[in-house]
file data_4.cif (mmCIF, C-alpha atoms and all ligand atoms)
data_model
#
loop_
_atom_site.label_atom_id
_atom_site.label_comp_id
_atom_site.auth_asym_id
_atom_site.auth_seq_id
_atom_site.Cartn_x
_atom_site.Cartn_y
_atom_site.Cartn_z
CA MET U 22 21.77 -24.84 -7.95
CA SER U 23 20.54 -24.57 -11.53
CA LYS U 24 22.58 -22.57 -14.03
CA GLU U 25 19.41 -21.18 -15.55
CA LYS U 26 19.22 -17.42 -15.00
CA ILE U 27 15.89 -16.12 -13.79
CA LEU U 28 17.02 -12.52 -13.42
CA GLU U 29 19.74 -10.52 -15.19
CA VAL U 30 20.37 -6.98 -13.98
CA LYS U 31 22.53 -5.07 -16.45
CA GLY U 32 23.96 -1.58 -15.94
CA LEU U 33 21.14 -0.56 -13.61
CA GLN U 34 21.18 3.11 -12.63
CA THR U 35 18.65 4.61 -10.23
CA SER U 36 18.62 8.19 -8.96
CA PHE U 37 16.49 10.27 -6.63
CA TYR U 38 15.81 13.75 -7.96
CA THR U 39 15.65 15.86 -4.80
CA HIS U 40 15.54 19.64 -4.37
CA LEU U 41 19.26 19.44 -3.50
CA GLY U 42 20.11 17.63 -6.73
CA GLU U 43 20.44 14.10 -8.12
CA VAL U 44 21.27 11.40 -5.57
CA GLN U 45 22.88 8.60 -7.59
CA SER U 46 21.82 5.69 -5.38
CA VAL U 47 22.49 2.85 -7.83
CA ARG U 48 25.38 3.25 -10.25
CA ASN U 49 25.77 0.70 -13.03
CA VAL U 50 24.86 -2.40 -11.09
CA ASP U 51 25.15 -5.82 -12.77
CA PHE U 52 24.24 -9.18 -11.27
CA ASP U 53 22.36 -12.38 -12.09
CA VAL U 54 20.07 -14.60 -10.05
CA TYR U 55 19.88 -18.31 -10.89
CA LYS U 56 16.85 -20.50 -10.56
CA GLY U 57 16.46 -21.89 -7.03
CA GLU U 58 19.38 -20.00 -5.45
CA VAL U 59 19.49 -17.66 -2.47
CA LEU U 60 21.54 -14.62 -3.42
CA GLY U 61 22.63 -12.40 -0.53
CA VAL U 62 23.01 -8.66 -1.03
CA VAL U 63 25.11 -7.17 1.75
CA GLY U 64 26.34 -3.68 2.54
CA GLU U 65 26.03 -0.81 4.99
CA SER U 66 23.00 1.52 5.12
CA GLY U 67 22.96 3.72 2.04
CA SER U 68 25.00 1.27 -0.06
CA GLY U 69 22.15 1.00 -2.59
CA LYS U 70 21.04 -2.56 -1.82
CA SER U 71 17.38 -1.80 -1.03
CA VAL U 72 17.07 0.75 -3.86
CA THR U 73 18.51 -1.83 -6.29
CA CYS U 74 15.90 -4.38 -5.26
CA SER U 75 13.02 -1.86 -5.26
CA SER U 76 14.13 -0.93 -8.79
CA VAL U 77 14.06 -4.61 -9.80
CA MET U 78 10.49 -4.91 -8.46
CA ARG U 79 9.58 -1.48 -9.91
CA LEU U 80 8.43 -0.42 -6.43
CA LEU U 81 10.48 2.77 -6.26
CA GLN U 82 8.95 5.67 -4.40
CA LYS U 83 9.07 9.16 -5.93
CA PRO U 84 11.38 11.05 -6.51
CA GLY U 85 13.24 7.81 -7.38
CA LYS U 86 13.61 6.92 -11.05
CA ILE U 87 15.40 4.21 -13.02
CA LYS U 88 17.56 6.20 -15.37
CA GLY U 89 19.34 3.42 -17.21
CA GLY U 90 20.01 -0.27 -17.60
CA GLN U 91 17.95 -3.41 -17.94
CA VAL U 92 16.21 -5.78 -15.53
CA LEU U 93 15.62 -8.97 -17.47
CA PHE U 94 13.21 -11.28 -15.68
CA LYS U 95 12.94 -14.57 -17.59
CA GLY U 96 14.36 -12.66 -20.56
CA GLU U 97 11.84 -9.78 -20.51
CA ASP U 98 12.93 -6.26 -19.58
CA LEU U 99 10.89 -5.06 -16.60
CA VAL U 100 12.16 -1.48 -17.00
CA THR U 101 10.09 -1.07 -20.16
CA LYS U 102 6.89 -2.66 -18.77
CA SER U 103 3.81 -0.53 -18.09
CA GLU U 104 2.44 -0.15 -14.54
CA LYS U 105 -0.42 -2.47 -15.48
CA GLU U 106 1.94 -5.17 -16.81
CA MET U 107 4.07 -4.85 -13.67
CA ARG U 108 1.06 -5.29 -11.36
CA LYS U 109 0.47 -8.71 -12.94
CA ILE U 110 4.08 -9.72 -12.26
CA GLN U 111 4.33 -8.23 -8.72
CA GLY U 112 2.93 -10.62 -6.16
CA ASN U 113 2.41 -13.29 -8.78
CA GLU U 114 5.76 -14.14 -10.35
CA MET U 115 7.84 -11.93 -8.04
CA SER U 116 7.07 -10.86 -4.50
CA MET U 117 8.73 -8.83 -1.79
CA ILE U 118 9.00 -9.27 1.98
CA PHE U 119 9.75 -6.07 3.89
CA GLN U 120 11.56 -5.46 7.17
CA ASP U 121 8.44 -4.25 8.96
CA PRO U 122 5.57 -6.73 8.57
CA MET U 123 3.07 -4.03 9.63
CA SER U 124 3.92 -2.07 6.47
CA ALA U 125 2.66 -5.03 4.42
CA LEU U 126 -0.46 -5.66 6.53
CA ASN U 127 -3.59 -3.58 6.80
CA PRO U 128 -4.48 -3.18 10.50
CA VAL U 129 -8.26 -3.00 9.87
CA TYR U 130 -8.61 -6.32 7.99
CA THR U 131 -8.12 -9.82 9.34
CA ILE U 132 -5.09 -11.84 8.26
CA GLY U 133 -7.45 -14.22 6.45
CA ASN U 134 -9.21 -11.43 4.53
CA GLN U 135 -5.91 -9.98 3.41
CA MET U 136 -4.49 -13.31 2.31
CA VAL U 137 -7.64 -14.25 0.39
CA GLU U 138 -7.64 -10.85 -1.32
CA VAL U 139 -3.99 -11.21 -2.41
CA ILE U 140 -4.53 -14.76 -3.66
CA ARG U 141 -7.70 -13.85 -5.60
CA ALA U 142 -6.02 -10.78 -7.12
CA HIS U 143 -3.43 -13.04 -8.74
CA LYS U 144 -5.09 -16.43 -9.14
CA ASN U 145 -8.35 -17.31 -10.80
CA VAL U 146 -9.82 -19.15 -7.80
CA SER U 147 -13.04 -18.99 -5.76
CA LYS U 148 -13.14 -17.48 -2.26
CA LYS U 149 -13.29 -20.98 -0.77
CA GLU U 150 -10.27 -22.15 -2.77
CA ALA U 151 -8.36 -18.99 -1.79
CA GLU U 152 -9.14 -19.69 1.88
CA GLU U 153 -7.82 -23.22 1.49
CA ILE U 154 -4.60 -21.92 -0.07
CA ALA U 155 -4.25 -19.36 2.76
CA ILE U 156 -4.71 -22.05 5.43
CA LYS U 157 -2.18 -24.28 3.67
CA MET U 158 0.37 -21.44 3.52
CA LEU U 159 -0.15 -20.46 7.18
CA THR U 160 0.36 -24.10 8.13
CA LEU U 161 3.53 -24.22 6.01
CA VAL U 162 5.03 -21.20 7.82
CA GLY U 163 4.29 -22.80 11.20
CA ILE U 164 1.28 -20.83 12.42
CA PRO U 165 -0.70 -23.07 14.79
CA SER U 166 -4.52 -23.40 14.38
CA PRO U 167 -4.45 -21.56 11.04
CA GLU U 168 -8.24 -21.71 10.56
CA GLU U 169 -8.68 -19.79 13.82
CA ARG U 170 -5.75 -17.45 13.20
CA MET U 171 -7.25 -16.41 9.85
CA LYS U 172 -9.90 -14.54 11.89
CA ASN U 173 -7.29 -12.50 13.82
CA TYR U 174 -6.24 -8.92 13.08
CA PRO U 175 -2.51 -8.15 12.65
CA HIS U 176 -2.26 -6.58 16.14
CA GLU U 177 -3.35 -9.92 17.62
CA PHE U 178 -0.20 -11.57 16.22
CA SER U 179 3.27 -11.29 17.80
CA GLY U 180 6.07 -9.69 15.71
CA GLY U 181 7.44 -13.11 14.67
CA MET U 182 3.97 -14.41 13.80
CA ARG U 183 3.25 -11.30 11.72
CA GLN U 184 6.46 -11.85 9.74
CA ARG U 185 5.47 -15.51 9.23
CA ALA U 186 2.05 -14.35 7.95
CA VAL U 187 3.72 -11.88 5.56
CA ILE U 188 6.03 -14.64 4.30
CA ALA U 189 2.97 -16.89 3.81
CA MET U 190 1.27 -14.09 1.87
CA ALA U 191 4.35 -13.45 -0.27
CA LEU U 192 4.65 -17.13 -1.15
CA SER U 193 0.93 -17.83 -1.61
CA CYS U 194 1.00 -17.28 -5.38
CA ASP U 195 4.10 -19.48 -5.92
CA PRO U 196 6.42 -16.65 -7.02
CA GLU U 197 9.53 -17.65 -8.91
CA LEU U 198 11.53 -14.82 -7.31
CA VAL U 199 11.18 -13.50 -3.76
CA ILE U 200 13.01 -10.38 -2.61
CA ALA U 201 13.39 -10.25 1.16
CA ASP U 202 14.54 -6.83 2.43
CA GLU U 203 16.04 -7.31 5.91
CA PRO U 204 13.00 -9.38 6.97
CA THR U 205 14.50 -10.36 10.33
CA THR U 206 16.13 -7.08 11.40
CA ALA U 207 13.17 -5.90 13.50
CA LEU U 208 12.88 -9.23 15.35
CA ASP U 209 14.72 -10.48 18.41
CA VAL U 210 17.53 -13.01 17.88
CA THR U 211 15.55 -16.15 18.74
CA ILE U 212 12.69 -15.26 16.40
CA GLN U 213 15.24 -14.13 13.80
CA ALA U 214 16.84 -17.60 13.85
CA GLN U 215 13.41 -19.25 13.50
CA ILE U 216 12.44 -17.05 10.53
CA LEU U 217 15.78 -17.72 8.80
CA GLU U 218 15.32 -21.44 9.33
CA LEU U 219 11.78 -21.15 7.97
CA MET U 220 12.93 -19.29 4.84
CA LYS U 221 15.65 -21.86 4.20
CA ASP U 222 13.15 -24.69 4.58
CA LEU U 223 10.55 -23.00 2.34
CA GLN U 224 13.12 -22.26 -0.34
CA GLU U 225 14.17 -25.92 -0.40
CA ARG U 226 10.57 -27.08 -0.60
CA LEU U 227 9.21 -24.53 -3.06
CA HIS U 228 12.40 -24.02 -5.15
CA SER U 229 11.84 -20.25 -5.41
CA SER U 230 14.84 -18.01 -6.05
CA ILE U 231 15.45 -15.56 -3.23
CA ILE U 232 17.33 -12.27 -3.08
CA PHE U 233 18.06 -11.69 0.59
CA ILE U 234 19.08 -8.14 1.50
CA THR U 235 20.92 -7.75 4.79
CA HIS U 236 23.68 -5.83 6.54
CA ASP U 237 24.46 -8.95 8.58
CA LEU U 238 27.16 -11.28 7.27
CA GLY U 239 26.06 -13.94 9.77
CA VAL U 240 22.70 -14.12 7.99
CA ILE U 241 24.51 -14.45 4.65
CA ALA U 242 26.57 -17.39 5.98
CA GLN U 243 23.45 -19.13 7.27
CA LEU U 244 21.15 -18.76 4.29
CA CYS U 245 22.83 -17.83 1.01
CA THR U 246 24.68 -19.65 -1.72
CA ARG U 247 26.18 -16.58 -3.40
CA VAL U 248 26.59 -12.98 -2.35
CA ILE U 249 27.12 -9.54 -3.80
CA VAL U 250 28.70 -6.82 -1.68
CA MET U 251 27.45 -3.30 -2.38
CA TYR U 252 29.02 0.01 -1.47
CA GLY U 253 28.37 3.56 -2.68
CA GLY U 254 25.72 2.35 -5.12
CA MET U 255 28.07 -0.15 -6.78
CA VAL U 256 28.78 -3.88 -6.60
CA MET U 257 32.27 -4.17 -5.07
CA GLU U 258 32.54 -7.96 -4.92
CA GLU U 259 30.55 -10.97 -6.09
CA ALA U 260 31.38 -14.47 -4.87
CA THR U 261 30.12 -17.74 -3.49
CA VAL U 262 29.66 -17.61 0.27
CA ASP U 263 32.81 -19.71 0.81
CA GLU U 264 34.91 -17.48 -1.46
CA LEU U 265 33.66 -14.40 0.34
CA PHE U 266 34.36 -15.67 3.86
CA TYR U 267 37.66 -17.47 3.16
CA ASP U 268 39.12 -15.56 0.22
CA ALA U 269 37.72 -12.01 0.05
CA LYS U 270 39.46 -9.92 -2.59
CA ASN U 271 38.15 -6.46 -1.89
CA PRO U 272 39.31 -4.10 0.89
CA TYR U 273 35.71 -3.12 1.66
CA THR U 274 34.63 -6.76 2.07
CA MET U 275 37.74 -7.38 4.20
CA GLY U 276 36.72 -4.43 6.38
CA LEU U 277 33.20 -5.84 6.79
CA LEU U 278 34.61 -9.25 7.73
CA ASN U 279 37.00 -7.69 10.28
CA SER U 280 34.13 -5.85 11.89
CA ILE U 281 32.16 -8.98 12.86
CA PRO U 282 32.96 -11.13 15.91
CA ASN U 283 34.89 -14.34 15.25
CA PRO U 284 33.39 -17.05 17.49
CA ASN U 285 36.50 -19.25 17.00
CA ALA U 286 39.02 -16.60 18.07
CA ASP U 287 41.03 -17.85 21.08
CA THR U 288 42.11 -14.36 22.13
CA LYS U 289 39.98 -11.42 23.19
CA GLU U 290 40.29 -9.80 19.78
CA ARG U 291 38.98 -6.28 19.37
CA LEU U 292 36.55 -5.76 16.54
CA GLN U 293 37.83 -3.38 13.89
CA PRO U 294 35.13 -1.05 12.62
CA ILE U 295 35.74 0.58 9.24
CA PRO U 296 36.66 4.19 10.02
CA GLY U 297 34.87 7.02 8.22
CA SER U 298 31.44 7.13 6.62
CA PRO U 299 29.95 6.13 3.27
CA PRO U 300 30.19 8.56 0.34
CA ASP U 301 27.62 11.28 -0.29
CA LEU U 302 25.83 10.05 -3.40
CA LEU U 303 24.63 13.58 -4.13
CA ASN U 304 28.26 14.21 -5.08
CA PRO U 305 29.69 10.71 -5.58
CA PRO U 306 33.46 10.35 -5.70
CA LYS U 307 35.01 10.41 -9.15
CA GLY U 308 37.02 7.25 -8.51
CA CYS U 309 36.51 4.27 -6.21
CA PRO U 310 33.55 4.87 -3.86
CA PHE U 311 35.58 3.39 -0.97
CA CYS U 312 38.69 5.55 -1.50
CA ASN U 313 38.15 7.91 1.46
CA ARG U 314 38.04 4.94 3.89
CA CYS U 315 40.39 2.44 2.28
CA GLU U 316 43.75 1.80 3.92
CA TYR U 317 45.21 0.76 0.55
CA ALA U 318 43.94 3.76 -1.48
CA MET U 319 46.29 5.00 -4.23
CA LYS U 320 46.14 8.07 -6.45
CA VAL U 321 44.42 6.12 -9.22
CA CYS U 322 41.65 5.23 -6.75
CA LEU U 323 40.76 8.92 -6.46
CA ASP U 324 40.60 9.42 -10.22
CA GLU U 325 39.21 6.23 -11.79
CA VAL U 326 36.36 3.90 -10.92
CA PRO U 327 37.96 0.44 -10.64
CA GLU U 328 36.79 -2.23 -13.05
CA MET U 329 35.44 -5.62 -12.01
CA HIS U 330 38.28 -8.19 -12.13
CA GLU U 331 37.44 -11.85 -12.54
CA ILE U 332 39.23 -14.03 -9.98
CA SER U 333 37.35 -17.25 -10.76
CA PRO U 334 34.18 -18.00 -12.77
CA THR U 335 32.17 -17.31 -9.59
CA HIS U 336 34.31 -14.59 -8.03
CA LYS U 337 34.76 -10.96 -9.13
CA SER U 338 36.04 -7.90 -7.33
CA ARG U 339 36.19 -4.18 -8.13
CA CYS U 340 39.59 -2.93 -6.97
CA HIS U 341 42.64 -1.29 -8.62
CA LEU U 342 44.89 -3.54 -6.50
CA LEU U 343 43.85 -6.42 -8.76
CA ARG U 344 45.37 -4.76 -11.82
CA SER U 345 48.53 -6.38 -13.14
CA ASP U 346 50.42 -3.07 -12.78
CA ALA U 347 49.34 -2.41 -9.16
CA PRO U 348 52.06 -2.17 -6.50
CA VAL U 349 52.55 -5.05 -4.08
CA VAL U 350 50.72 -4.15 -0.89
CA GLU U 351 51.25 -5.97 2.37
CA GLY U 352 47.99 -7.45 3.63
CA PHE U 353 46.39 -7.72 0.21
CA VAL U 354 46.62 -11.12 -1.44
CA LYS U 355 48.92 -10.74 -4.41
CA GLU U 356 48.03 -13.95 -6.26
CA ALA U 357 44.51 -12.63 -6.81
CA ARG U 358 45.80 -10.17 -9.39
CA MET U 359 45.10 -10.56 -13.05
FE1 LIG U 401 40.79 0.63 -1.98
FE2 LIG U 401 41.60 1.61 -4.29
FE3 LIG U 401 40.73 -0.90 -4.15
FE4 LIG U 401 39.05 1.15 -3.90
S1 LIG U 401 40.23 0.60 -5.71
S2 LIG U 401 39.08 -0.64 -2.65
S3 LIG U 401 40.29 2.61 -2.79
S4 LIG U 401 42.54 -0.04 -3.17
#
call {"tool": "encode", "arguments": {"input": "data_4.cif", "output": "structure tokens"}}
result
Amino acid sequence: MSKEKILEVKGLQTSFYTHLGEVQSVRNVDFDVYKGEVLGVVGESGSGKSVTCSSVMRLLQKPGKIKGGQVLFKGEDLVTKSEKEMRKIQGNEMSMIFQDPMSALNPVYTIGNQMVEVIRAHKNVSKKEAEEIAIKMLTLVGIPSPEERMKNYPHEFSGGMRQRAVIAMALSCDPELVIADEPTTALDVTIQAQILELMKDLQERLHSSIIFITHDLGVIAQLCTRVIVMYGGMVMEEATVDELFYDAKNPYTMGLLNSIPNPNADTKERLQPIPGSPPDLLNPPKGCPFCNRCEYAMKVCLDEVPEMHEISPTHKSRCHLLRSDAPVVEGFVKEARM
């Protein structure tokens, strides 16, 4: 993995201004994406992961609004770009793959028409050249007889094939950054495994950077090099995949890891779901967003948002237990403290 940063998100804040009040969906989020890496973004529903990525792409729906922070893509702040400037970047230098391929496809146009239109909107090529690129991309994503399939409408494709076509479309303009928002969640497990394998293969061949949003830690293990864990609109932990799975330093991450099946367990272990529900971001907690569900919560957790503590150059966690003056708590790894 290169150490060259392609994306730097700094202090990003996004809110939805509803008739009930301000929903603070993304609260001071910081992270970087390096050239050629696959960064996983994991968390429960409502943790802010999709809103963060829609903010990065500037694809927020109203009443959502970026209220602070910077999104530096190759050093340029996307937050300050006009709609027109963003349209040139979206689909060309950055593209997004959504969970439901039908939301990205128009049912009344053929797959070929839609691909050619996308390619010609971003590349200065003739219709014939755009068709050739489309056929090449459909071949690359494993669609058999691509020349014939170009003439099909989306409803003539299976769910897995539609997602392959959407991936082909997203990659057809050689984007440097692809954001994939739960692209396999709507598919059955076999097709899910094929699509993940395909994305891994394409990333290695095309060297794009990918942000992969998921609630599934198994997907993270299979595809990503680094991961950020989001909760209550904040980044709770950032680590390499190995650090996250073998040395998690945040009670929320530990809870997520305990709630997935361990295929190597020799006993019939019960899964341990995290009790309680995520915070209401209309009235976010004053302190740690996880405090109402955390078995280690202390008084300070109710009053102060924990800072990010650096555990290693690649590993950071947001938890008061990592402070040097925190009490020793059984079950939480003491040597991680600063
Ligand atoms: Fe739990 Fe407190 Fe750490 Fe939050 S800061 S994860 S509530 S111990």
call {"tool": "residues_near_ligand", "arguments": {"input": "data_4.cif", "ligand": "ligand LIG 401 (chain U)", "cutoff": "12 Å", "atoms": "all atoms listed in the file", "output": "count of residues only"}}
result
56
call {"tool": "closest_residue", "arguments": {"input": "data_4.cif", "among": "U:Ser298, U:Thr261, U:Ser179, U:Ser230", "to": "U:Leu208", "atoms": "all atoms listed in the file"}}
result
U:Ser179
call {"tool": "closest_residue", "arguments": {"input": "data_4.cif", "among": "U:Gln213, U:Ser46, U:Thr246, U:Ser76", "to": "U:Phe233", "atoms": "all atoms listed in the file"}}
result
U:Thr246
call {"tool": "closest_atom_pairs", "arguments": {"input": "data_4.cif", "of": "stretch 113-211 of chain U", "to": "stretch 88-98 of chain U", "cutoff": "10 Å", "atoms": "only C-alpha atoms", "output": "CSV"}}
result
residue,atom,partner,partner_atom,distance
U:Glu114,CA,U:Phe94,CA,9.6
U:Met115,CA,U:Phe94,CA,9.4
U:Glu197,CA,U:Lys95,CA,9.8
U:Leu198,CA,U:Phe94,CA,9.2
call {"tool": "atom_distance", "arguments": {"input": "data_4.cif", "atom1": "atom CA of U:Asn113", "atom2": "atom CA of U:Asn49"}}
result
27.6 Å
call {"tool": "axis_aligned_box", "arguments": {"input": "data_4.cif", "around": "stretch 27-33 of chain U", "padding_each_side": "4 Å", "output": "AutoDock Vina command-line options"}}
result
--center_x 19.9 --center_y -8.3 --center_z -14.9 --size_x 16.1 --size_y 23.6 --size_z 11.0
call {"tool": "closest_residue", "arguments": {"input": "data_4.cif", "among": "U:Ile281, U:Val240, U:Cys245, U:Met136", "to": "U:Glu225", "atoms": "only C-alpha atoms"}}
result
U:Cys245
call {"tool": "atom_distance", "arguments": {"input": "data_4.cif", "atom1": "atom CA of U:Glu152", "atom2": "atom CA of U:Ala214"}}
result
28.7 Å
call {"tool": "atom_distance", "arguments": {"input": "data_4.cif", "atom1": "atom CA of U:Ile241", "atom2": "atom CA of U:His228"}}
result
18.3 Å
call {"tool": "residues_around", "arguments": {"input": "data_4.cif", "residues": "U:Gln135", "least_positions_apart": "2", "cutoff": "12 Å", "atoms": "all atoms listed in the file", "output": "PyMOL selection string"}}
result
chain U and resi 125-133+137-142+148+151-152+155+171-175+186-187+189-191+193
call {"tool": "write_last_selection", "arguments": {"input": "data_4.cif", "atoms": "C-alpha atoms", "output": "CSV table (one decimal), in the coordinates of the input"}}
result
chain,number,residue,atom,x,y,z
U,125,ALA,CA,2.7,-5.0,4.4
U,126,LEU,CA,-0.5,-5.7,6.5
U,127,ASN,CA,-3.6,-3.6,6.8
U,128,PRO,CA,-4.5,-3.2,10.5
U,129,VAL,CA,-8.3,-3.0,9.9
U,130,TYR,CA,-8.6,-6.3,8.0
U,131,THR,CA,-8.1,-9.8,9.3
U,132,ILE,CA,-5.1,-11.8,8.3
U,133,GLY,CA,-7.4,-14.2,6.4
U,137,VAL,CA,-7.6,-14.2,0.4
U,138,GLU,CA,-7.6,-10.8,-1.3
U,139,VAL,CA,-4.0,-11.2,-2.4
U,140,ILE,CA,-4.5,-14.8,-3.7
U,141,ARG,CA,-7.7,-13.8,-5.6
U,142,ALA,CA,-6.0,-10.8,-7.1
U,148,LYS,CA,-13.1,-17.5,-2.3
U,151,ALA,CA,-8.4,-19.0,-1.8
U,152,GLU,CA,-9.1,-19.7,1.9
U,155,ALA,CA,-4.2,-19.4,2.8
U,171,MET,CA,-7.2,-16.4,9.8
U,172,LYS,CA,-9.9,-14.5,11.9
U,173,ASN,CA,-7.3,-12.5,13.8
U,174,TYR,CA,-6.2,-8.9,13.1
U,175,PRO,CA,-2.5,-8.2,12.6
U,186,ALA,CA,2.0,-14.4,8.0
U,187,VAL,CA,3.7,-11.9,5.6
U,189,ALA,CA,3.0,-16.9,3.8
U,190,MET,CA,1.3,-14.1,1.9
U,191,ALA,CA,4.4,-13.4,-0.3
U,193,SER,CA,0.9,-17.8,-1.6
call {"tool": "closest_residue", "arguments": {"input": "data_4.cif", "among": "U:Ile295, U:Gly112, U:Glu264, U:Ile212", "to": "U:Asn279", "atoms": "only C-alpha atoms"}}
result
U:Ile295
call {"tool": "residues_around", "arguments": {"input": "data_4.cif", "residues": "U:Leu238", "least_positions_apart": "3", "cutoff": "12 Å", "atoms": "only C-alpha atoms", "output": "ChimeraX atom specification"}}
result
/U:61-65,203,233-235,241-245,247-250,262,265-266,274-283
